[in-house]
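Working notes, beginning with the structure itself.
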Amino acid sequence: MATIAPPPSKRQRREALERTQVQQDVTPPIVEAGSFKARFVDNDGNQLADTIEVPLADATEKNVSLLLNTLLGRDREEFTPYRFRIHVPSSDVVIDNYPTPSEFLAVLRKHGIENPFETTITLAAEPQAVFKVQAVTRMSNRIPGHGEAILAAQFSPKTSSLLATGSGDNTARIWNTDSGTPKYTLKGHTGWVLALAWSPAGDNLATGSMDKTVRIWNESGQAVGRPFNGHAKWITSIAWQPFHLWRDDTPKLASASKDATIRIWIVNTGRTEHVLSGHKGSVSCVRWGGTDLIYSASQDKTVKVWDAVNGTLRHTLSSHAHWVNHLALSTDFVLRTAFYDHTKNVPETTEEKRAKAKERFEKAAKQQGKIAERVISASDDFTMYLWDPEQGTKPLARLLGHQKQVNHVLFSPDGALIASSSWDNSIKLWNRDGKFLTTLRGHVAPVYQSAFSADSLSAQSL
């Protein structure tokens, strides 16, 4: 139960009134006169525009973003907002947080640049979302319907008007979030619905249950085919094959189970293509990457990387000291939404859809000119590890700071941030390389999950 703060005393009210009657110091911070030379590059190190001299007094991130758009010859209607990272000359140090004009010189001198006016500063420009998600200020709808606790939820990649939920009442439901009404009740499971996932095309929904089955439903709430039987224990996680890897309109699906296996299903027939066995404990999470690799996390303290085509084990990532609770890919957002984006321009043919989905994946995964899909794992050992399985089994970074078990982790849609949710009542933010940024506090109980808005500018938690 939350503690209610007592009302302010007379003295506190009097002091607050006095503060409102005193003229505040609005003197702007002193910015040292001068300028610096800026060289703009993209994330791959390619130069974007000519080197230009920037006055320190005007060197806010917003102004520098406007300057870069002007140098690129864009009309104001086509301007793209940028976030900048500063590469310190003659070193591998990267300053992630762009300083204010009054702090600029101090930050550079702290990193050994004594005379910034005679040094060319390299600014790595990361394009931000060209759209903005409206901030949530109040509850829009409270939609009753389930008879027990809701255990899983996911919006359709096609439209935010459709929300699917799975519950302990043995049903899944599809809701219309615009009208705030239940749309379809998906009945058929005989146990709790623990996991669900929309297909990247948005036309089917997969649900996994404690009854050991996976079921497929269309967006009209009708069952598609028979239940997928094969697991010996309940289903814990579901992942669809990325859309750009579909062949002949035949999607595949991976399901993880308490029985320590992952099964790959051919959705159109319900046939098991591969059974991935090798874990010694319950598989807690499964992800299907854009390079046709499957990643699985288990209570046996390992993350395993599988070849989805041959059903063979590629790597075992063994650094955690306790159960691995969750996995996230740097490309999760674009893989889940495939060819859907903020422009709402949906290609007409299947080949065009596949090409757009592949283009979005490669753009999100590419770093320094090559595809580098990163994986992050969260564990009961209070830590997270950042991996690049293509480079081997050694982690890129170990993320420390949580005081209790880390229950959930995810990348922002633009891949620039990582958010971790923990039983220590906090959310922590990290950059894409695993460097700690800040701690978000406010919860008075364990934080089970968090999510980013589609523009990566805000986050939600529960």
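By convention in this document, the chains of the structure tokens carry letters A, B, ... by their order, each chain's residues are numbered from 1, and ligands are numbered from 1 in the order they are shown.
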Under the rule of at most 9 Å, produce a per-residue listing of region 214-237 of chain A near region 184-199 of chain A: chain, number, name, the closest pair of atoms, and the distance in Å, as CSV, using only C-alpha atoms.
```
residue,atom,partner,partner_atom,distance
A:Val214,CA,A:His189,CA,8.8
A:Arg215,CA,A:His189,CA,8.1
A:Trp217,CA,A:Leu186,CA,7.8
A:Glu219,CA,A:Tyr184,CA,8.9
A:Ser220,CA,A:Tyr184,CA,7.2
A:Gly221,CA,A:Tyr184,CA,5.4
A:Gln222,CA,A:Leu186,CA,7.4
A:Ala223,CA,A:Leu186,CA,7.8
A:Pro227,CA,A:Gly188,CA,9.0
A:Trp234,CA,A:Leu194,CA,8.4
A:Ile235,CA,A:Leu194,CA,6.9
A:Thr236,CA,A:Ala195,CA,6.1
A:Ser237,CA,A:Ala195,CA,5.4
```
Practice task
Tell me which protein, DNA and RNA residues are within 7 Å of Asp380 (chain A), counting only C-alpha atoms, leaving out same-chain ones fewer than 3 positions away, and put them as a ChimeraX atom specification.
Solution key: /A:322-325,405-406
Please produce a file of those selected residues containing N, CA, C and O atoms, as a compact mmCIF listing (two decimals), in the first residue's frame.
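Generated file (result-v4.txt):
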```txt
# COMPACT_ATOMS: atom_id res chain seq x y z
N HIS A 322 23.39 -17.62 -13.18
CA HIS A 322 22.06 -18.05 -12.72
C HIS A 322 21.13 -18.10 -13.93
O HIS A 322 21.55 -17.90 -15.07
N TRP A 323 19.87 -18.37 -13.69
CA TRP A 323 18.88 -18.48 -14.77
C TRP A 323 18.95 -17.26 -15.70
O TRP A 323 19.09 -16.13 -15.25
N VAL A 324 18.78 -17.51 -16.99
CA VAL A 324 18.66 -16.42 -17.96
C VAL A 324 17.16 -16.22 -18.21
O VAL A 324 16.48 -17.13 -18.68
N ASN A 325 16.66 -15.04 -17.87
CA ASN A 325 15.22 -14.79 -17.89
C ASN A 325 14.69 -14.28 -19.23
O ASN A 325 13.56 -14.56 -19.60
N GLN A 405 17.37 -9.46 -9.21
CA GLN A 405 17.21 -10.14 -10.49
C GLN A 405 16.72 -9.19 -11.58
O GLN A 405 15.88 -8.33 -11.34
N VAL A 406 17.26 -9.39 -12.79
CA VAL A 406 16.83 -8.61 -13.95
C VAL A 406 15.81 -9.46 -14.70
O VAL A 406 16.12 -10.55 -15.19
```
Practice task
Report the residues of region 124-356 of chain A whose backbone DSSP state falls under strand (DSSP E or B), written as a PyMOL selection string.
Solution key: chain A and resi 124-127+150-155+162-167+172-176+181-186+193-198+204-209+214-218+223+228+235-240+247+250+252-257+261-266+271-277+283-288+293-298+303-307+312-317+324-329
Exercise for the section: Using CA of Leu163 (chain A) and CA of Leu335 (chain A) as the two end points, give the distance in Å to one decimal. Expected result: 18.1 Å
Handout entry: Nearby residues (only C-alpha atoms) at most 8 Å from Leu327 (chain A), same-chain spacing under 2 positions excluded, as a list in words
Key = Cys285, Val286, Arg287, Tyr295, Ser296, Ala297, Asn325, Leu329, Val375, Ile376, Ser377, Ala378, His408, Val409 and Leu410 of chain A
Handout entry: Spatial neighbours of Ala260 (chain A), 6 Å, only C-alpha atoms, chain gap at least 6 places, as a PyMOL selection string
Key = chain A and resi 279+281-283
For the residues selected in the previous step, produce a file with N, CA, C and O atoms as a PDB file, in the first residue's frame.
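Resulting contents of selection-v8.pdb:
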```pdb
ATOM      1  N   HIS A 279      19.389 -27.758 -24.286  1.00  0.00           N
ATOM      2  CA  HIS A 279      19.276 -27.113 -22.977  1.00  0.00           C
ATOM      3  C   HIS A 279      19.002 -28.164 -21.898  1.00  0.00           C
ATOM      4  O   HIS A 279      18.378 -29.198 -22.154  1.00  0.00           O
ATOM      5  N   GLY A 281      17.594 -27.173 -18.925  1.00  0.00           N
ATOM      6  CA  GLY A 281      16.551 -26.607 -18.078  1.00  0.00           C
ATOM      7  C   GLY A 281      15.491 -25.944 -18.920  1.00  0.00           C
ATOM      8  O   GLY A 281      15.590 -25.876 -20.157  1.00  0.00           O
ATOM      9  N   SER A 282      14.464 -25.446 -18.279  1.00  0.00           N
ATOM     10  CA  SER A 282      13.365 -24.782 -18.965  1.00  0.00           C
ATOM     11  C   SER A 282      13.870 -23.654 -19.861  1.00  0.00           C
ATOM     12  O   SER A 282      14.751 -22.882 -19.470  1.00  0.00           O
ATOM     13  N   VAL A 283      13.332 -23.567 -21.067  1.00  0.00           N
ATOM     14  CA  VAL A 283      13.694 -22.483 -21.992  1.00  0.00           C
ATOM     15  C   VAL A 283      12.758 -21.315 -21.711  1.00  0.00           C
ATOM     16  O   VAL A 283      11.543 -21.422 -21.883  1.00  0.00           O
TER      17      VAL A 283
END
```
Exercise for the section: Would you please give, as a ChimeraX atom specification, all residues of region 43-118 of chain A that DSSP assigns to alpha helix (DSSP H) based on the backbone? Expected result: /A:61-71,101-110
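Proximity ranking of A:Ser284, A:Arg85, A:Arg173, A:Asn218 relative to Lys301 (chain A) places A:Ser284 first, based on only C-alpha atoms.
Distance-wise, CA of Ser156 (chain A) and CA of Trp306 (chain A) end up 27.0 Å apart.
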Exercise for the section: Find the residues near Lys394 (chain A): any atom within 10 Å, counting only C-alpha atoms, skip ones fewer than 2 places away on the same chain, and give them as an MDAnalysis selection string. Expected result: chainID A and resid 317:319 385:389 391:392 396:397
Atoms kept (C-alpha atoms) for selection, written as an mmCIF file, in the first residue's frame:
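And here is the file that came out, part-v8.cif:
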```
data_model
loop_
_atom_site.group_PDB
_atom_site.id
_atom_site.type_symbol
_atom_site.label_atom_id
_atom_site.label_comp_id
_atom_site.auth_asym_id
_atom_site.auth_seq_id
_atom_site.Cartn_x
_atom_site.Cartn_y
_atom_site.Cartn_z
ATOM 1 C CA LEU A 317 27.017 -18.515 -24.659
ATOM 2 C CA SER A 318 27.971 -19.374 -21.075
ATOM 3 C CA SER A 319 28.739 -16.373 -18.881
ATOM 4 C CA TYR A 385 25.528 -9.515 -21.174
ATOM 5 C CA LEU A 386 25.720 -7.971 -24.637
ATOM 6 C CA TRP A 387 26.707 -10.374 -27.429
ATOM 7 C CA ASP A 388 27.509 -10.405 -31.122
ATOM 8 C CA PRO A 389 27.275 -14.136 -31.954
ATOM 9 C CA GLN A 391 32.052 -12.541 -33.649
ATOM 10 C CA GLY A 392 32.173 -15.525 -31.302
ATOM 11 C CA LEU A 396 30.989 -7.547 -25.857
ATOM 12 C CA ALA A 397 30.047 -6.067 -22.483
#
```
